[in-house]
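Chemist: Structure incoming, see below.
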Amino acid sequence: MPPRTAVFFHAHPDDEALLTAGTMAMLAAEGHRVVLVVATAGERGLADLEPGEQLGKQRLKELYESAAVLGCARVECLGYGDSGLSPTGGVAAERPGNAFIDADTEEAAGRLAAILREEEAGLLTIYDPAGGYGHPDHVQVHRVGRRAAELAGTPVVLEATVNRDPLVRALRLAGRFYRFPPDFDPRVFESAYTPGAEITHRVNVRRYARQKRASMAAHASQAAGGDGERTLAVMLRIPGPLYRLVFGTEWFVRRDLPPGTRLRHPFDAFPS
């Protein structure tokens with residue numbers, strides 16, 4: 001396969017670690033150019049540091065550490081404000097003036113499209129229409145990313161997601177034996193992400209579990225803070241063999257392929 005460029009577009013630092021880190025590490029190891037773009041610095045996330053500029057700087061530092069582990073050739077932050085954790089972005093008056101969910105879609109898409117053109121990207125990853133679990137910045141990533149690909153003529157757009165079906169079954173089972181941390185509501189996932197029937201790409205990234213785990217660990221500020229233990233901290237304590245099983249597959253949806261398509265590599269069925 002000739003080397004190509006893949007741009008991974010995420011809302012905040014640490015999103016790449018959770019959804020696409022294995023695929024990024026795999027593509028980089030195969031000789032492709034991997035570019036990571038985030039919309040915000042995640043300065044309103046939960047952490048031991050107070051929300052604001054200081055936390056944003058810390059999270060961007062962690063982003064660069066994660067990117068280095070994964071083999072990224074370039075990292076960019078579009079510089080929009082973190083819209084916050086509320087599903088609706090919180091009260092408008094409490095959001096920063098440049099909140100990503102308040103950004104003009106065409107303007108934001110133009111900025112991302114400029115990177116896609118400069119990189120001659122063959123692939124862009126975004127989120128599914130629901131933004132995964134519904135975070136407003138994630139939904140905006142979907143809208144902005146779709147439009148940016150149109151503007152730049154990027155031939156392949158993959159929506160990073162999770163197979164909802166086994167996830168819901170696993171969470172229901174786990175809930176019988178385990179008390180989830182306060183920031184984790186398993187009921188959210190019953191309408192989150194994407195049902196298995198719509199998923200076109202199931203990428204086996206078990207060989208890159210070490211890099212994915214190191215990418216998660218780089219985001220140390222998100223493993224602590226808030227009330228009680230954070231979800232990321234719980235994930236990082238999972239034993240190696242189980243970690244490879246739980247996080248060994250990454251899922252994507254390519255909307256221009258027919259239903260029932262089953263592919264195993266991001267560049268499978270790449271336009272000639």
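Residue names in the structure tokens use chain letters A, B, ... in the order shown, residue numbers from 1 in each chain, and ligand numbers from 1 in the order shown.
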Applying 9 Å and only C-alpha atoms, which residues near Thr249 (chain A) remain after dropping the ones on its own chain fewer than 4 positions away? List them as a PyMOL selection string.
Modeler: chain A and resi 22-23+202-206+244-245
Chemist: Can I get the selected residues back with N, CA, C and O atoms, as a PDB file, in the first residue's frame?
Modeler:
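Result written to part-v1.pdb:
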ATOM      1  N   GLY A  22      -5.219   3.224  18.656  1.00  0.00           N
ATOM      2  CA  GLY A  22      -4.669   2.017  18.053  1.00  0.00           C
ATOM      3  C   GLY A  22      -4.539   2.127  16.554  1.00  0.00           C
ATOM      4  O   GLY A  22      -3.525   1.713  15.963  1.00  0.00           O
ATOM      5  N   THR A  23      -5.552   2.674  15.911  1.00  0.00           N
ATOM      6  CA  THR A  23      -5.527   2.855  14.456  1.00  0.00           C
ATOM      7  C   THR A  23      -4.446   3.848  14.053  1.00  0.00           C
ATOM      8  O   THR A  23      -3.738   3.647  13.059  1.00  0.00           O
ATOM      9  N   ARG A 202     -13.997  -2.697  11.193  1.00  0.00           N
ATOM     10  CA  ARG A 202     -13.607  -3.244  12.485  1.00  0.00           C
ATOM     11  C   ARG A 202     -12.097  -3.465  12.426  1.00  0.00           C
ATOM     12  O   ARG A 202     -11.631  -4.422  11.818  1.00  0.00           O
ATOM     13  N   VAL A 203     -11.357  -2.565  13.045  1.00  0.00           N
ATOM     14  CA  VAL A 203      -9.898  -2.561  12.914  1.00  0.00           C
ATOM     15  C   VAL A 203      -9.275  -3.238  14.128  1.00  0.00           C
ATOM     16  O   VAL A 203      -9.459  -2.789  15.267  1.00  0.00           O
ATOM     17  N   ASN A 204      -8.548  -4.319  13.890  1.00  0.00           N
ATOM     18  CA  ASN A 204      -7.878  -5.048  14.962  1.00  0.00           C
ATOM     19  C   ASN A 204      -6.587  -4.309  15.328  1.00  0.00           C
ATOM     20  O   ASN A 204      -5.654  -4.237  14.529  1.00  0.00           O
ATOM     21  N   VAL A 205      -6.554  -3.768  16.538  1.00  0.00           N
ATOM     22  CA  VAL A 205      -5.385  -2.989  16.968  1.00  0.00           C
ATOM     23  C   VAL A 205      -4.708  -3.614  18.187  1.00  0.00           C
ATOM     24  O   VAL A 205      -3.982  -2.936  18.919  1.00  0.00           O
ATOM     25  N   ARG A 206      -4.905  -4.901  18.407  1.00  0.00           N
ATOM     26  CA  ARG A 206      -4.326  -5.546  19.586  1.00  0.00           C
ATOM     27  C   ARG A 206      -2.804  -5.456  19.587  1.00  0.00           C
ATOM     28  O   ARG A 206      -2.184  -5.364  20.645  1.00  0.00           O
ATOM     29  N   ARG A 244      -6.181  -5.775  26.130  1.00  0.00           N
ATOM     30  CA  ARG A 244      -6.119  -6.048  24.687  1.00  0.00           C
ATOM     31  C   ARG A 244      -7.448  -6.559  24.158  1.00  0.00           C
ATOM     32  O   ARG A 244      -7.829  -6.265  23.020  1.00  0.00           O
ATOM     33  N   LEU A 245      -8.168  -7.311  24.981  1.00  0.00           N
ATOM     34  CA  LEU A 245      -9.468  -7.810  24.565  1.00  0.00           C
ATOM     35  C   LEU A 245     -10.494  -6.683  24.499  1.00  0.00           C
ATOM     36  O   LEU A 245     -11.230  -6.542  23.516  1.00  0.00           O
TER      37      LEU A 245
END
Chemist: Name all residues at most 8 Å from Thr200 (chain A) (count only C-alpha atoms; drop same-chain ones fewer than 6 positions away) and give them as a VMD selection string.
Modeler: chain A and resid 251 to 254 257 259 to 263
Chemist: Measure the distance from CA of Met1 (chain A) to CA of Val162 (chain A) in Å and round it to one decimal.
Modeler: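 Atom-to-atom, CA of Met1 (chain A) and CA of Val162 (chain A) are spaced 26.5 Å apart.
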Chemist: Leaving out Ala39 (chain A) and any residue of its chain fewer than 6 positions from it, which residues lie within 12 Å of it when counting only C-alpha atoms, given as number ranges by chain?
Modeler: A: 8-13, 15-16, 60, 75-83, 98-101, 103, 108-109, 111-112, 126, 137-142, 144-145
Chemist: Please report the interatomic distance between CA of Tyr127 (chain A) and CA of Met24 (chain A) in Å with one decimal.
Modeler: 15.1 Å
Chemist: Pick out the residues sitting within 10 Å of Leu236 (chain A), and hand them over as a list in words; count only C-alpha atoms, and ignore anything fewer than 2 positions along from it in its own chain.
Modeler: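 Non-adjacent residues within range: Arg213, Ala214, Met216, Ala217, Ala223, Thr231, Leu232, Ala233, Val234, Ile238, Pro239, Gly240 and Tyr243 of chain A.
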Chemist: Next, the residues of the selection above should be written as an mmCIF file, in the first residue's frame with all heavy atoms.
Modeler:
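Result went into again_4.cif, see below:
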data_model
loop_
_atom_site.group_PDB
_atom_site.id
_atom_site.type_symbol
_atom_site.label_atom_id
_atom_site.label_comp_id
_atom_site.auth_asym_id
_atom_site.auth_seq_id
_atom_site.Cartn_x
_atom_site.Cartn_y
_atom_site.Cartn_z
ATOM 1 N N ARG A 213 -2.401 2.182 25.308
ATOM 2 C CA ARG A 213 -2.399 2.355 26.754
ATOM 3 C C ARG A 213 -1.495 3.517 27.164
ATOM 4 O O ARG A 213 -1.836 4.300 28.062
ATOM 5 C CB ARG A 213 -1.944 1.059 27.419
ATOM 6 C CG ARG A 213 -2.161 1.045 28.916
ATOM 7 C CD ARG A 213 -1.965 -0.358 29.471
ATOM 8 N NE ARG A 213 -2.493 -0.468 30.811
ATOM 9 C CZ ARG A 213 -3.073 -1.543 31.296
ATOM 10 N NH1 ARG A 213 -3.232 -2.605 30.531
ATOM 11 N NH2 ARG A 213 -3.516 -1.580 32.535
ATOM 12 N N ALA A 214 -0.347 3.648 26.515
ATOM 13 C CA ALA A 214 0.553 4.762 26.814
ATOM 14 C C ALA A 214 -0.071 6.093 26.435
ATOM 15 O O ALA A 214 0.144 7.114 27.097
ATOM 16 C CB ALA A 214 1.883 4.569 26.084
ATOM 17 N N MET A 216 -3.311 6.747 26.556
ATOM 18 C CA MET A 216 -4.235 7.048 27.658
ATOM 19 C C MET A 216 -3.480 7.575 28.869
ATOM 20 O O MET A 216 -3.885 8.571 29.487
ATOM 21 C CB MET A 216 -5.002 5.779 28.050
ATOM 22 C CG MET A 216 -6.069 5.331 27.081
ATOM 23 S SD MET A 216 -6.967 3.909 27.799
ATOM 24 C CE MET A 216 -8.151 3.571 26.488
ATOM 25 N N ALA A 217 -2.377 6.921 29.213
ATOM 26 C CA ALA A 217 -1.619 7.307 30.397
ATOM 27 C C ALA A 217 -1.035 8.708 30.282
ATOM 28 O O ALA A 217 -0.817 9.380 31.294
ATOM 29 C CB ALA A 217 -0.497 6.293 30.642
ATOM 30 N N ALA A 223 -7.188 11.523 34.628
ATOM 31 C CA ALA A 223 -7.328 10.315 35.436
ATOM 32 C C ALA A 223 -7.635 10.642 36.887
ATOM 33 O O ALA A 223 -7.853 9.757 37.704
ATOM 34 C CB ALA A 223 -6.060 9.471 35.356
ATOM 35 N N THR A 231 -13.031 7.619 35.112
ATOM 36 C CA THR A 231 -13.144 6.466 34.222
ATOM 37 C C THR A 231 -11.803 6.099 33.603
ATOM 38 O O THR A 231 -11.460 4.918 33.475
ATOM 39 C CB THR A 231 -14.173 6.764 33.119
ATOM 40 O OG1 THR A 231 -15.427 7.093 33.723
ATOM 41 C CG2 THR A 231 -14.357 5.567 32.213
ATOM 42 N N LEU A 232 -11.011 7.101 33.201
ATOM 43 C CA LEU A 232 -9.720 6.821 32.578
ATOM 44 C C LEU A 232 -8.804 6.061 33.527
ATOM 45 O O LEU A 232 -8.082 5.149 33.118
ATOM 46 C CB LEU A 232 -9.065 8.128 32.127
ATOM 47 C CG LEU A 232 -7.753 7.990 31.342
ATOM 48 C CD1 LEU A 232 -7.959 7.174 30.073
ATOM 49 C CD2 LEU A 232 -7.201 9.370 30.989
ATOM 50 N N ALA A 233 -8.848 6.422 34.808
ATOM 51 C CA ALA A 233 -8.021 5.726 35.789
ATOM 52 C C ALA A 233 -8.420 4.263 35.899
ATOM 53 O O ALA A 233 -7.568 3.373 36.033
ATOM 54 C CB ALA A 233 -8.134 6.413 37.150
ATOM 55 N N VAL A 234 -9.723 4.005 35.849
ATOM 56 C CA VAL A 234 -10.203 2.623 35.899
ATOM 57 C C VAL A 234 -9.703 1.842 34.686
ATOM 58 O O VAL A 234 -9.236 0.705 34.796
ATOM 59 C CB VAL A 234 -11.742 2.589 35.960
ATOM 60 C CG1 VAL A 234 -12.253 1.152 35.866
ATOM 61 C CG2 VAL A 234 -12.234 3.250 37.241
ATOM 62 N N ILE A 238 -6.821 -1.914 34.101
ATOM 63 C CA ILE A 238 -7.221 -3.202 33.539
ATOM 64 C C ILE A 238 -5.971 -4.002 33.181
ATOM 65 O O ILE A 238 -5.069 -3.487 32.511
ATOM 66 C CB ILE A 238 -8.102 -2.999 32.287
ATOM 67 C CG1 ILE A 238 -9.391 -2.270 32.670
ATOM 68 C CG2 ILE A 238 -8.427 -4.337 31.619
ATOM 69 C CD1 ILE A 238 -10.263 -1.919 31.481
ATOM 70 N N PRO A 239 -5.877 -5.273 33.600
ATOM 71 C CA PRO A 239 -4.690 -6.090 33.279
ATOM 72 C C PRO A 239 -4.475 -6.205 31.777
ATOM 73 O O PRO A 239 -5.431 -6.168 30.992
ATOM 74 C CB PRO A 239 -5.042 -7.453 33.892
ATOM 75 C CG PRO A 239 -6.069 -7.153 34.938
ATOM 76 C CD PRO A 239 -6.844 -5.984 34.433
ATOM 77 N N GLY A 240 -3.195 -6.374 31.390
ATOM 78 C CA GLY A 240 -2.815 -6.362 29.983
ATOM 79 C C GLY A 240 -3.638 -7.244 29.069
ATOM 80 O O GLY A 240 -4.184 -6.775 28.064
ATOM 81 N N TYR A 243 -7.071 -5.910 28.809
ATOM 82 C CA TYR A 243 -7.031 -4.622 28.106
ATOM 83 C C TYR A 243 -7.013 -4.837 26.596
ATOM 84 O O TYR A 243 -7.731 -4.177 25.850
ATOM 85 C CB TYR A 243 -5.794 -3.829 28.550
ATOM 86 C CG TYR A 243 -5.714 -2.440 27.944
ATOM 87 C CD1 TYR A 243 -6.213 -1.330 28.620
ATOM 88 C CD2 TYR A 243 -5.150 -2.229 26.681
ATOM 89 C CE1 TYR A 243 -6.150 -0.060 28.071
ATOM 90 C CE2 TYR A 243 -5.080 -0.974 26.122
ATOM 91 C CZ TYR A 243 -5.583 0.107 26.822
ATOM 92 O OH TYR A 243 -5.538 1.365 26.256
#
Chemist: At what distance in Å, to one decimal, does CA of Lys57 (chain A) lie from CA of Asp14 (chain A)?
Modeler: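 These two atoms are separated by 13.5 Å.
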